[in-house]
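Pasted below: start.csv, CSV, C-alpha atoms.
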chain,number,residue,atom,x,y,z
F,28,MET,CA,10.1,13.7,-14.5
F,29,SER,CA,12.3,15.1,-11.7
F,30,SER,CA,14.1,13.0,-9.2
F,31,LEU,CA,12.0,14.6,-6.4
F,32,VAL,CA,8.8,13.1,-7.9
F,33,LEU,CA,10.5,9.7,-8.2
F,34,LEU,CA,11.7,9.9,-4.6
F,35,VAL,CA,8.2,10.9,-3.3
F,36,ALA,CA,6.7,8.0,-5.3
F,37,VAL,CA,9.2,5.5,-3.9
F,38,LEU,CA,8.6,6.7,-0.4
F,39,LEU,CA,4.8,6.6,-0.9
F,40,VAL,CA,5.1,3.0,-2.1
F,41,LEU,CA,7.1,2.0,0.9
F,42,VAL,CA,4.7,3.7,3.4
F,43,VAL,CA,1.7,2.1,1.7
F,44,ALA,CA,3.4,-1.3,1.6
F,45,LEU,CA,4.1,-1.1,5.3
F,46,ALA,CA,0.4,-0.1,5.9
F,47,VAL,CA,-0.7,-3.1,3.8
F,48,GLY,CA,1.5,-5.4,5.8
F,49,VAL,CA,0.0,-4.1,9.0
F,50,LEU,CA,-3.5,-4.6,7.6
F,51,VAL,CA,-2.7,-8.2,6.5
F,52,ASP,CA,-1.2,-9.0,9.9
F,53,LEU,CA,-4.3,-7.6,11.6
F,54,ALA,CA,-6.6,-9.6,9.4
F,55,HIS,CA,-4.5,-12.7,10.0
F,56,ARG,CA,-4.8,-12.3,13.8
F,57,TYR,CA,-8.6,-11.7,13.6
F,58,PRO,CA,-9.8,-13.9,10.8
F,59,LYS,CA,-13.5,-13.0,11.4
F,60,ALA,CA,-12.7,-9.4,10.4
F,61,ALA,CA,-11.5,-10.1,6.8
F,62,THR,CA,-9.6,-12.5,4.6
F,63,PRO,CA,-5.9,-11.6,4.7
F,64,MET,CA,-5.5,-12.0,0.9
F,65,LEU,CA,-8.4,-9.6,0.2
F,66,VAL,CA,-6.9,-7.1,2.6
F,67,GLY,CA,-3.6,-7.4,0.8
F,68,LEU,CA,-5.2,-7.0,-2.6
F,69,GLY,CA,-7.1,-3.9,-1.4
F,70,GLY,CA,-3.9,-2.4,-0.2
F,71,MET,CA,-2.2,-3.0,-3.5
F,72,THR,CA,-5.1,-1.2,-5.1
F,73,VAL,CA,-4.5,1.8,-2.9
F,74,ILE,CA,-0.8,1.8,-3.9
F,75,ALA,CA,-1.8,1.8,-7.6
F,76,ALA,CA,-4.4,4.5,-7.1
F,77,CYS,CA,-1.9,6.7,-5.3
F,78,VAL,CA,1.2,6.2,-7.3
F,79,VAL,CA,0.0,6.0,-10.9
F,80,PRO,CA,-1.3,9.6,-11.0
F,81,ILE,CA,2.0,10.9,-9.5
F,82,VAL,CA,4.2,8.9,-11.9
F,83,VAL,CA,2.1,9.7,-15.0
F,84,ARG,CA,2.4,13.5,-14.5
Show me, as structure tokens, the structure contained in the file I just sent.
Amino acid sequence: MSSLVLLVAVLLVLVVALAVGVLVDLAHRYPKAATPMLVGLGGMTVIAACVVPIVVR
């Protein structure tokens, strides 16, 4: 695996982690919208779904 693929994977993880943090904060501010923990777990699922195919190649 080249270093470019690893760099892209790391950057993708950081961007998705930031997006998950925003979603958790949004859900925390408006609790009727969603449970913050479920939003965080959904975001982690997105990270896994995006990064695993890239890293496995």
Which of these residues is nearest to F:Val78, using all atoms listed in the file: F:Val40, F:Leu45, F:Ala61, F:Leu50?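 Nearest candidate to F:Val78 out of F:Val40, F:Leu45, F:Ala61, F:Leu50: F:Val40.
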F:Leu39 environment, 9 Å, all atoms listed in the file, sequence neighbours closer than 5 positions dropped, as a VMD selection string: chain F and resid 34 44 74 77 to 78
Let me see the file: selected residues, C-alpha atoms, as a PDB file, in the frame of the given file.
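And here's part12.pdb as it stands now:
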ATOM      1  CA  LEU F  34      11.700   9.900  -4.600  1.00  0.00           C
ATOM      2  CA  ALA F  44       3.400  -1.300   1.600  1.00  0.00           C
ATOM      3  CA  ILE F  74      -0.800   1.800  -3.900  1.00  0.00           C
ATOM      4  CA  CYS F  77      -1.900   6.700  -5.300  1.00  0.00           C
ATOM      5  CA  VAL F  78       1.200   6.200  -7.300  1.00  0.00           C
TER       6      VAL F  78
END
Residue nearest F:Gly48 - candidates F:Ala76, F:Leu33, F:Met64, F:Val83, atoms counted: all atoms listed in the file: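 Of the candidates, the smallest distance to F:Gly48 is held by F:Met64.
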From the list F:Gly67, F:Leu38, F:Val32, F:Val79, which residue is nearest F:Ala54 when using only C-alpha atoms?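 Nearest to F:Ala54: F:Gly67.
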Just checking: using only C-alpha atoms, which residue out of F:Ala60, F:Ile81, F:Met71, F:Leu65 ends up closest to F:Ala46?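 Counting only C-alpha atoms, the residue closest to F:Ala46 is F:Met71.
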Measure the distance from atom CA of F:Val47 to atom CA of F:Val82 in Å and round it to one decimal. 20.4 Å
Here is a test: counting all atoms listed in the file, which residue of F:Pro58, F:Ser29, F:Val66, F:Val73 is nearest to F:Val42?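 Of F:Pro58, F:Ser29, F:Val66, F:Val73, the one nearest F:Val42, counting all atoms listed in the file, is F:Val73.
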If you measure from atom CA of F:Asp52 to atom CA of F:Ala75, what distance in Å do you get, rounded to one decimal?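 Calculated distance between atom CA of F:Asp52 and atom CA of F:Ala75 is 20.6 Å.
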For the atom pair atom CA of F:Leu31 and atom CA of F:Leu68, what is the interatomic distance in Å to one decimal place? 27.9 Å
